[in-house]
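Trainee: Below you will find the structure I want to go over with you.
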Amino acid sequence: MSGHALTRRSFLVGSAGVAAVAGGLLMWGLLHFTRLMSVMQKAAKRPIGYVGSAVMLNARLAEGVNLMHVVAMTQALGELRSAEGADPEIYRWTDGTRSHVTCEFRKGKLVTWTLERPEADADTPTPAG
(Lines give C-alpha, C1' and ligand atoms only; values in the text may rest on other atoms or scores of the structure.)
Protein backbone atom coordinates (compact mmCIF):
# COMPACT_ATOMS: atom_id res chain seq x y z
CA MET A 1 0.00 0.00 0.00
CA SER A 2 1.15 3.45 -0.78
CA GLY A 3 1.50 6.21 1.76
CA HIS A 4 -1.49 8.00 0.26
CA ALA A 5 -3.73 4.95 0.67
CA LEU A 6 -2.67 4.53 4.32
CA THR A 7 -3.32 8.19 5.04
CA ARG A 8 -6.74 8.02 3.38
CA ARG A 9 -7.64 4.83 5.25
CA SER A 10 -6.62 6.26 8.64
CA PHE A 11 -8.66 9.40 7.88
CA LEU A 12 -11.75 7.30 7.14
CA VAL A 13 -11.31 5.22 10.29
CA GLY A 14 -10.66 8.39 12.30
CA SER A 15 -13.73 10.15 10.94
CA ALA A 16 -15.83 7.07 11.77
CA GLY A 17 -14.56 7.30 15.34
CA VAL A 18 -15.42 10.99 15.50
CA ALA A 19 -18.91 10.20 14.15
CA ALA A 20 -19.35 7.45 16.75
CA VAL A 21 -18.33 9.78 19.59
CA ALA A 22 -20.62 12.53 18.26
CA GLY A 23 -23.49 10.03 18.04
CA GLY A 24 -22.85 8.89 21.60
CA LEU A 25 -22.83 12.47 22.87
CA LEU A 26 -26.06 13.18 20.99
CA MET A 27 -27.75 10.12 22.56
CA TRP A 28 -26.55 11.14 26.02
CA GLY A 29 -27.97 14.64 25.52
CA LEU A 30 -31.29 13.28 24.26
CA LEU A 31 -31.60 10.90 27.21
CA HIS A 32 -31.08 13.74 29.70
CA PHE A 33 -33.49 15.99 27.81
CA THR A 34 -36.13 13.23 27.79
CA ARG A 35 -35.70 12.66 31.54
CA LEU A 36 -35.96 16.39 32.24
CA MET A 37 -39.15 16.67 30.18
CA SER A 38 -40.68 13.63 31.91
CA VAL A 39 -39.91 15.00 35.39
CA MET A 40 -41.29 18.44 34.50
CA GLN A 41 -44.49 17.00 32.98
CA LYS A 42 -45.20 15.06 36.19
CA ALA A 43 -44.39 18.10 38.33
CA ALA A 44 -46.73 20.28 36.25
CA LYS A 45 -49.68 18.10 37.29
CA ARG A 46 -49.21 18.68 41.04
CA PRO A 47 -49.47 21.82 43.17
CA ILE A 48 -46.25 23.76 43.78
CA GLY A 49 -44.67 22.81 47.08
CA TYR A 50 -46.75 19.67 47.69
CA VAL A 51 -45.36 16.27 48.67
CA GLY A 52 -47.26 13.13 49.66
CA SER A 53 -45.27 12.63 52.87
CA ALA A 54 -42.71 15.09 54.23
CA VAL A 55 -41.38 12.42 56.61
CA MET A 56 -40.68 10.01 53.74
CA LEU A 57 -39.07 12.78 51.70
CA ASN A 58 -36.85 13.63 54.66
CA ALA A 59 -35.75 10.00 54.92
CA ARG A 60 -34.93 9.74 51.20
CA LEU A 61 -32.90 12.96 50.86
CA ALA A 62 -29.12 12.81 50.65
CA GLU A 63 -26.52 15.54 50.60
CA GLY A 64 -25.24 16.39 47.14
CA VAL A 65 -28.27 15.39 45.05
CA ASN A 66 -29.35 17.97 42.51
CA LEU A 67 -32.63 19.89 42.42
CA MET A 68 -33.97 17.88 39.49
CA HIS A 69 -33.50 14.67 41.50
CA VAL A 70 -35.52 16.11 44.40
CA VAL A 71 -38.25 17.31 42.01
CA ALA A 72 -38.33 13.79 40.53
CA MET A 73 -38.74 12.31 44.04
CA THR A 74 -41.53 14.69 45.04
CA GLN A 75 -43.10 14.91 41.58
CA ALA A 76 -43.72 18.60 42.32
CA LEU A 77 -41.79 21.85 42.09
CA GLY A 78 -40.80 23.21 45.47
CA GLU A 79 -42.14 26.46 46.87
CA LEU A 80 -39.32 29.00 46.45
CA ARG A 81 -38.50 30.60 49.84
CA SER A 82 -35.39 32.60 48.86
CA ALA A 83 -35.05 35.58 46.55
CA GLU A 84 -35.21 34.61 42.89
CA GLY A 85 -31.73 33.96 41.48
CA ALA A 86 -30.08 33.99 44.93
CA ASP A 87 -27.54 31.38 45.97
CA PRO A 88 -28.31 29.44 48.13
CA GLU A 89 -31.76 28.59 46.83
CA ILE A 90 -34.28 27.51 49.47
CA TYR A 91 -37.33 25.42 48.57
CA ARG A 92 -40.08 23.94 50.73
CA TRP A 93 -42.36 20.92 50.22
CA THR A 94 -45.41 20.51 52.50
CA ASP A 95 -47.69 17.50 52.95
CA GLY A 96 -51.35 17.19 53.97
CA THR A 97 -50.53 17.18 57.70
CA ARG A 98 -48.74 20.56 57.40
CA SER A 99 -45.36 18.88 57.99
CA HIS A 100 -42.77 20.36 55.68
CA VAL A 101 -39.22 19.84 54.48
CA THR A 102 -37.14 22.92 53.74
CA CYS A 103 -34.15 22.29 51.46
CA GLU A 104 -31.14 24.50 50.80
CA PHE A 105 -29.35 24.14 47.46
CA ARG A 106 -25.98 25.70 46.65
CA LYS A 107 -25.02 25.69 42.99
CA GLY A 108 -27.91 23.30 42.35
CA LYS A 109 -26.81 20.69 44.93
CA LEU A 110 -28.58 19.89 48.19
CA VAL A 111 -26.50 20.93 51.20
CA THR A 112 -28.96 20.97 54.12
CA TRP A 113 -32.59 20.15 54.82
CA THR A 114 -34.88 20.25 57.82
CA LEU A 115 -38.13 18.50 58.62
CA GLU A 116 -40.66 20.44 60.68
CA ARG A 117 -43.83 18.85 62.01
CA PRO A 118 -46.72 20.83 63.47
CA GLU A 119 -47.32 20.72 67.20
CA ALA A 120 -50.14 18.37 68.19
CA ASP A 121 -53.17 20.26 69.49
CA ALA A 122 -54.23 19.52 73.06
CA ASP A 123 -57.81 19.11 71.80
CA THR A 124 -56.84 16.58 69.15
CA PRO A 125 -57.03 13.01 70.43
CA THR A 126 -53.97 10.90 69.68
CA PRO A 127 -54.57 7.58 67.95
CA ALA A 128 -54.31 4.53 70.18
CA GLY A 129 -51.39 2.42 69.16
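Residues in the C-alpha coordinates are numbered from 1 in each chain, the chains being A, B, ... in the order shown, and ligands are numbered from 1 in the order shown.
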Residues at most 10 Å from Met68 in chain A, counting only C-alpha atoms, excluding those fewer than 6 positions away in the same chain, as a list in words?
Mentor: Arg35, Leu36, Val39, Met40, Thr74, Gln75, Leu77, Gly108 and Lys109 of chain A
Trainee: Can you write just those residues out, N, CA, C and O atoms, as a short mmCIF file (atom, residue, chain, number, x, y, z; two decimals), in the first residue's frame?
Mentor:
data_model
loop_
_atom_site.label_atom_id
_atom_site.label_comp_id
_atom_site.auth_asym_id
_atom_site.auth_seq_id
_atom_site.Cartn_x
_atom_site.Cartn_y
_atom_site.Cartn_z
N ARG A 35 -35.47 12.79 30.10
CA ARG A 35 -35.70 12.66 31.54
C ARG A 35 -36.18 13.98 32.13
O ARG A 35 -37.13 14.01 32.92
N LEU A 36 -35.56 15.08 31.75
CA LEU A 36 -35.96 16.39 32.24
C LEU A 36 -37.41 16.68 31.87
O LEU A 36 -38.20 17.13 32.70
N VAL A 39 -39.82 14.51 34.01
CA VAL A 39 -39.91 15.00 35.39
C VAL A 39 -40.77 16.26 35.44
O VAL A 39 -41.64 16.41 36.30
N MET A 40 -40.56 17.18 34.50
CA MET A 40 -41.29 18.44 34.50
C MET A 40 -42.77 18.24 34.16
O MET A 40 -43.63 18.93 34.70
N THR A 74 -40.29 14.12 44.53
CA THR A 74 -41.53 14.69 45.04
C THR A 74 -42.61 14.77 43.98
O THR A 74 -43.78 14.90 44.30
N GLN A 75 -42.21 14.73 42.73
CA GLN A 75 -43.10 14.91 41.58
C GLN A 75 -43.82 16.25 41.65
O GLN A 75 -44.94 16.40 41.19
N LEU A 77 -42.76 20.78 41.89
CA LEU A 77 -41.79 21.85 42.09
C LEU A 77 -41.90 22.33 43.52
O LEU A 77 -42.98 22.35 44.10
N GLY A 108 -27.05 24.37 42.84
CA GLY A 108 -27.91 23.30 42.35
C GLY A 108 -27.82 22.00 43.12
O GLY A 108 -28.53 21.05 42.81
N LYS A 109 -26.98 21.92 44.14
CA LYS A 109 -26.81 20.69 44.93
C LYS A 109 -27.36 20.88 46.34
O LYS A 109 -27.17 21.92 46.95
#
Trainee: Can you pull out every residue within 7 Å of Thr102 in chain A, counting only C-alpha atoms, but drop anything in the same chain fewer than 5 positions away, and send it as a ChimeraX atom specification?
Mentor: /A:90-93,113-115
Trainee: Would you pick out the contacts of Val70 in chain A at 10 Å or less, using only C-alpha atoms, so that residues sharing its chain but fewer than 3 positions from it are not included, and give the list as a list in words?
Mentor: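 The neighbour list is Leu57, Arg60, Leu61, Ala62, Val65, Asn66, Leu67, Met73, Thr74, Gln75, Ala76, Leu77, Gly78, Cys103, Lys109 and Leu110 of chain A.
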Trainee: Between A:Met37, A:Val55, A:Ser15, A:Arg46, which is the closest to Arg98 in chain A once you count only C-alpha atoms?
Mentor: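 Among A:Met37, A:Val55, A:Ser15, A:Arg46, it is A:Val55 that comes nearest to Arg98 in chain A.
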Trainee: Which residues in range 41-97 of chain A does DSSP call strand (DSSP E)? List them as a PyMOL selection string.
Mentor: chain A and resi 79-80+89-94
